[in-house]
Structures are given as C-alpha cells and as structure tokens.
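The file work24.txt comes next; it holds compact mmCIF, C-alpha atoms.
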```txt
# COMPACT_ATOMS: atom_id res chain seq x y z
CA MET A 3 108.86 140.90 97.97
CA ARG A 4 110.73 144.07 96.94
CA GLU A 5 107.66 146.19 97.60
CA ARG A 6 107.23 144.68 101.07
CA MET A 7 110.90 145.37 101.85
CA ARG A 8 110.43 149.01 100.90
CA ASN A 9 107.12 149.34 102.79
CA GLN A 10 105.44 150.79 99.71
CA TYR A 11 101.97 149.69 100.91
CA ASN A 12 100.35 148.19 103.96
CA PRO A 13 98.98 144.60 104.10
CA ALA A 14 95.35 145.67 103.66
CA GLU A 15 96.12 147.57 100.46
CA TYR A 16 98.09 144.66 99.03
CA LEU A 17 95.42 142.08 99.88
CA CYS A 18 92.63 144.28 98.54
CA SER A 19 94.45 144.71 95.22
CA LYS A 20 94.99 140.94 94.97
CA VAL A 21 91.32 140.23 95.62
CA ILE A 22 90.18 142.78 93.04
CA ALA A 23 92.65 141.50 90.45
CA GLU A 24 92.23 137.73 90.88
CA PHE A 25 88.71 136.97 92.14
CA PRO A 26 86.81 138.21 89.04
CA LEU A 27 89.12 136.43 86.58
CA ASP A 28 89.09 133.15 88.49
CA THR A 29 85.31 133.36 88.81
CA LEU A 30 85.03 133.83 85.05
CA TYR A 31 87.03 130.64 84.46
CA ALA A 32 84.75 128.78 86.89
CA ILE A 33 81.63 130.02 85.08
CA ILE A 34 83.02 128.93 81.72
CA PHE A 35 83.85 125.49 83.12
CA ALA A 36 80.42 125.08 84.73
CA SER A 37 78.64 126.17 81.53
CA THR A 38 80.66 123.71 79.45
CA LEU A 39 80.00 120.94 81.96
CA LYS A 40 76.26 121.59 81.89
CA TRP A 41 76.20 121.75 78.10
CA ARG A 42 78.23 118.59 77.50
CA THR A 43 76.89 116.34 80.26
CA GLY A 44 73.29 117.47 80.75
CA LEU A 45 73.46 117.37 84.53
CA ARG A 46 70.19 117.63 86.42
CA SER A 47 71.46 120.60 88.44
CA SER A 48 70.61 123.99 87.00
CA LEU A 49 73.24 126.17 85.36
CA LYS A 50 72.81 128.71 88.16
CA VAL A 51 73.59 126.13 90.83
CA LEU A 52 76.63 124.87 88.96
CA THR A 53 78.08 128.32 88.32
CA ILE A 54 77.58 129.45 91.92
CA THR A 55 79.08 126.25 93.31
CA TYR A 56 82.17 126.27 91.12
CA SER A 57 82.65 130.02 91.54
CA LEU A 58 82.53 129.85 95.34
CA MET A 59 84.81 126.82 95.39
CA THR A 60 87.31 128.65 93.18
CA VAL A 61 87.21 131.80 95.29
CA ALA A 62 87.63 129.76 98.48
CA GLY A 63 90.64 127.99 96.97
CA VAL A 64 92.23 131.28 95.95
CA ALA A 65 91.65 132.66 99.45
CA LEU A 66 93.34 129.57 100.88
CA GLY A 67 96.33 130.34 98.65
CA PHE A 68 96.34 133.89 99.99
CA ALA A 69 96.42 132.55 103.54
CA ILE A 70 99.35 130.24 102.79
CA GLY A 71 101.25 133.03 101.07
CA GLY A 72 100.55 135.48 103.89
CA LEU A 73 101.84 133.12 106.57
CA ALA A 74 104.92 132.02 104.62
CA PRO A 75 108.11 134.07 105.11
CA ASP A 76 109.03 133.93 101.40
CA GLY A 77 107.78 132.73 98.04
CA ASP A 78 109.73 129.46 98.02
CA THR A 79 108.26 128.41 101.36
CA ALA A 80 104.75 129.24 100.16
CA LYS A 81 105.21 127.12 97.02
CA ALA A 82 106.63 124.22 99.02
CA ALA A 83 103.76 124.28 101.52
CA GLY A 84 100.97 125.03 99.06
CA MET A 85 100.98 121.76 97.12
CA PRO A 86 100.82 119.38 100.14
CA ILE A 87 98.06 121.46 101.69
CA MET A 88 95.99 121.42 98.49
CA VAL A 89 96.44 117.64 98.17
CA LEU A 90 95.35 117.27 101.79
CA MET A 91 92.26 119.39 101.13
CA MET A 92 91.41 117.19 98.13
CA VAL A 93 91.80 113.96 100.09
CA MET A 94 89.70 115.26 102.97
CA GLY A 95 87.05 116.57 100.58
CA VAL A 96 86.39 113.34 98.71
CA ILE A 97 83.19 111.49 99.57
CA ASN A 98 83.41 107.72 99.97
CA PRO A 99 81.13 106.32 97.22
CA SER A 100 80.44 103.20 99.27
CA GLY A 101 78.60 105.23 101.88
CA VAL A 102 79.22 106.62 105.34
CA ASP A 103 79.00 104.66 108.59
CA SER A 104 77.48 107.06 111.09
CA THR A 105 78.48 104.85 114.03
CA ILE A 106 82.18 105.50 113.45
CA ILE A 107 83.47 108.62 115.22
CA GLN A 108 86.37 110.18 113.37
CA PRO A 109 89.31 111.83 115.18
CA ILE A 110 88.99 115.52 115.90
CA TYR A 111 91.82 116.50 113.55
CA ILE A 112 90.15 114.64 110.67
CA GLN A 113 86.88 116.45 111.37
CA PHE A 114 88.74 119.77 111.44
CA LEU A 115 90.50 119.10 108.12
CA LYS A 116 87.19 118.18 106.51
CA LEU A 117 85.62 121.31 107.94
CA ILE A 118 88.19 123.62 106.33
CA SER A 119 88.29 121.80 102.97
CA PRO A 120 86.52 123.88 100.27
CA ILE A 121 86.45 120.84 97.98
CA ARG A 122 84.39 118.92 100.54
CA TRP A 123 81.67 121.56 100.65
CA ALA A 124 81.61 121.93 96.87
CA ILE A 125 81.24 118.16 96.35
CA GLU A 126 78.51 117.92 98.95
CA GLY A 127 76.64 120.84 97.39
CA LEU A 128 76.84 119.29 93.93
CA CYS A 129 75.68 115.89 95.20
CA ILE A 130 72.74 117.42 97.04
CA SER A 131 71.62 119.52 94.08
CA GLU A 132 71.99 116.61 91.68
CA TYR A 133 70.47 113.74 93.68
CA LYS A 134 67.79 115.37 95.80
CA GLY A 135 64.41 114.24 94.49
CA MET A 136 65.91 112.23 91.62
CA GLU A 137 64.19 109.07 90.48
CA PHE A 138 66.44 106.57 88.73
CA SER A 139 65.05 105.30 85.43
CA ARG A 140 65.03 101.62 84.60
CA LYS A 141 65.50 100.53 81.05
CA GLY A 142 65.83 96.89 80.06
CA TYR A 143 64.82 94.55 77.31
CA GLY A 144 64.33 90.88 78.01
CA LEU A 145 64.22 89.11 81.32
CA PHE A 146 67.97 89.16 82.06
CA LYS A 147 68.50 92.80 81.07
CA THR A 148 65.44 93.88 83.05
CA ILE A 149 66.76 92.20 86.20
CA ALA A 150 70.29 93.49 85.63
CA SER A 151 69.13 97.07 85.13
CA ASP A 152 66.57 97.02 87.94
CA ALA A 153 68.87 99.12 90.12
CA PRO A 154 71.78 101.42 89.33
CA LYS A 155 75.25 100.03 89.85
CA MET A 156 76.95 102.24 92.46
CA GLY A 157 79.31 99.95 94.36
CA ALA A 158 77.98 99.18 97.82
CA MET A 159 74.86 101.26 97.04
CA ALA A 160 73.85 99.16 94.03
CA MET A 161 70.32 98.63 95.34
CA VAL A 162 69.33 102.27 95.78
CA GLN A 163 66.23 103.29 93.88
CA ASN A 164 66.36 107.10 93.99
CA GLY A 165 68.59 110.05 94.74
CA ASP A 166 67.31 110.53 98.27
CA GLN A 167 68.56 107.05 99.19
CA VAL A 168 71.96 107.97 97.79
CA LEU A 169 72.11 111.10 99.95
CA ASN A 170 71.01 109.08 102.97
CA ALA A 171 73.82 106.57 102.38
CA LEU A 172 76.33 109.41 102.02
CA GLY A 173 75.15 111.02 105.27
CA LEU A 174 73.76 114.10 103.49
CA GLN A 175 70.06 113.55 104.08
CA GLU A 176 69.83 116.52 106.46
CA SER A 177 72.16 118.84 104.53
CA THR A 178 71.15 121.45 101.98
CA TRP A 179 72.91 123.10 99.06
CA GLU A 180 72.54 126.50 100.72
CA GLN A 181 74.42 125.29 103.81
CA SER A 182 77.34 124.15 101.69
CA MET A 183 77.50 127.49 99.90
CA ARG A 184 77.44 129.38 103.18
CA MET A 185 80.36 127.29 104.42
CA LEU A 186 82.34 128.13 101.27
CA GLY A 187 81.65 131.82 101.90
CA ARG A 188 82.79 131.53 105.52
CA LEU A 189 85.97 129.72 104.52
CA THR A 190 86.72 132.47 102.03
CA GLY A 191 86.29 135.18 104.65
CA ALA A 192 88.33 133.27 107.25
CA ASN A 193 91.22 132.65 104.84
CA ILE A 194 91.29 136.31 103.78
CA LEU A 195 91.47 137.33 107.45
CA ILE A 196 94.29 134.83 108.07
CA SER A 197 96.11 136.21 105.05
CA LEU A 198 95.77 139.77 106.34
CA LEU A 199 97.12 138.81 109.76
CA GLY A 200 99.94 136.85 108.17
CA LEU A 201 100.98 139.76 105.98
CA LYS A 202 100.98 142.04 109.01
CA PHE A 203 102.81 139.86 111.53
CA CYS A 204 104.65 137.22 109.47
CA GLY A 205 106.57 139.37 107.02
CA PRO A 206 110.01 138.50 105.65
CA SER A 207 112.94 138.80 108.04
CA PHE A 208 116.37 140.09 107.06
CA VAL A 209 119.86 139.79 108.53
CA THR A 210 121.99 142.94 108.77
CA ARG A 211 125.60 142.37 107.75
CA LYS A 212 128.59 144.64 107.88
CA CYS A 213 130.62 145.09 104.73
CA PRO A 214 134.15 143.70 105.28
CA ALA A 215 135.70 146.45 103.15
CA THR A 216 134.06 149.13 105.25
CA SER A 217 135.26 147.54 108.47
CA LYS A 218 138.83 147.25 107.14
CA LYS A 219 138.81 150.88 106.01
CA THR A 220 137.57 151.96 109.40
CA ARG A 221 140.37 150.09 111.15
CA THR A 222 142.95 151.63 108.77
CA ASN A 223 141.68 155.14 109.41
CA SER A 224 141.76 154.49 113.14
CA SER A 225 145.36 153.31 113.01
CA SER A 226 146.36 156.35 110.94
CA GLY A 227 144.77 158.65 113.45
CA ASN A 228 146.63 157.00 116.31
CA ASN A 229 149.94 157.35 114.48
CA SER A 230 149.27 161.03 113.86
CA ASP A 231 148.61 161.60 117.52
CA GLU A 232 151.91 160.04 118.39
```

Could you write out this structure as structure tokens?
Amino acid sequence: MRERMRNQYNPAEYLCSKVIAEFPLDTLYAIIFASTLKWRTGLRSSLKVLTITYSLMTVAGVALGFAIGGLAPDGDTAKAAGMPIMVLMMVMGVINPSGVDSTIIQPIYIQFLKLISPIRWAIEGLCISEYKGMEFSRKGYGLFKTIASDAPKMGAMAMVQNGDQVLNALGLQESTWEQSMRMLGRLTGANILISLLGLKFCGPSFVTRKCPATSKKTRTNSSSGNNSDE
C-alpha cells in the first residue's frame, strides 16, 4: 500500500514481481502434494498428470487472488471478499456424485460461475484421467458376497461396470484431460489480466484534509496583517 501511494513502481512491474515470487513456490507445494497423494493412494493417474493438474489448479487459484486484490481498494476489502468468492468457486466446482441430468438447463449465471471455477476444471481433469478406460474389479467369496460385490457402490451409479460409464453419468464422456488443463491456463491468463487492469484503474483513493492548526495560524496572520495596515 505504501509503495502504491508513493508511485514507486507501475502495476505491470508489481504484478510481474508477484508472479515470479509466488508461482514457483506454490507450484512446488502442489508437486509435493501430488507426489505424496500418488505414493500413498496408488491412484491410476500417472504422477505427471497429477502434478500438472494440481500445479495448474494452484496457479489459477493464485491468479484469482491477484484479481481480487487488484480490484479491491484496500487490503481489508480484498480479505473480506476473497473468502466468499473462494467458497463459491468450491461449491460451483464440485461434481454431483449421483450423476448429471442433461435435460435440465441451468441458469446462465450458474453456468458462468462454473466456467470460471478453477476447482471445477481440476476435478473434471482428475476424474477423466482416473476413470477413462478403467475396468472395475469384482472380488467376492460365496454367493452373497459375490452378488453384493458385483458392482461398485457409488450412490445412484451403483450399477456401473467401468470408468467410462461413470464419466458418461457425470456428463464427461466427450471431455478430455487436455481440455480441462487448457481451461485452467486460460483462467490463469484472464485473472492476471484482470489484476493488471485493477491495479491500474482501481487503486486506493485518498481524502485531502486541511490541518486545523495551519488554518488557525493562517487566520491569525491575516488578522495581524489587517491590524498593521490600520
């Protein structure tokens, strides 16, 4: 804030320094998380896919924070607006595990919020990479256990037999992991541009006030001068 008041650098210089300072470190944390997740859970997705997905999601989230901070007039406003927006992005990004009804047309504002949610594209990319081409194994011993384990238990999709059926139920049969990653990249670029414009045109505003002591002294000097003239 102090540096912006003094005009020590322009918005492009400030944003560039933030990107250079924060993107690599946040990406490193995402890679560590993805590597640990792969090691401890044995996901079907490759380590490369996991690290790219989590890294792009992290970078897109940081860029969204830049956009909020650039548009906000001060730090307190940015903090107050940041949390509700992030919660909204999380809610809009969650996939309904019971499936998607393609006959229902969602309102335009819901579609827009889902479009700009980085969490949505990360979840879709992970689901596509994990389920595409997967064949669910069936393990059971005895008649009852064989029948009970004949299909995976996934809520309303309990009768699916493979990963492609899961993607079809989620409405992702035509989507690809590459498309989701491209959307994360576009969101990152768009949020950085919004941040740059916000820093340029939505800077902090200040109110100029006159010092009462100075005004009183000025009036006193003026009165003294008038008396001298007389």

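For the set A:Tyr56, A:Trp179, A:Phe138, A:Tyr133, the residue with the smallest atom-to-atom gap to A:Ile121 is A:Tyr56, counting only C-alpha atoms.
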
Practice prompt. Scan for residues within 6 Å of the point (80.0, 126.6, 85.9) in the coordinates of the file, using only C-alpha atoms, and reply as a PyMOL selection string.
Written response: chain A and resi 32-37+52-53+56

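Distances to A:Tyr31 were evaluated for A:Leu58, A:Ile112, A:Ala14, A:Leu198 using only C-alpha atoms, and the minimum falls at A:Leu58.
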
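Here atom CA of A:Gly200 stands at a distance of 24.5 Å from atom CA of A:Met94.
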
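With all atoms listed in the file as the atoms that count, the residue of A:Leu115, A:Ile194, A:Leu45, A:Leu128 with the shortest distance to A:Phe25 is A:Ile194.
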
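Closest approach to A:Ser197 among A:Pro26, A:Pro109, A:Gly72, A:Gly127: A:Gly72, based on all atoms listed in the file.
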
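The coordinates place atom CA of A:Ser47 at 15.7 Å from atom CA of A:Val168.
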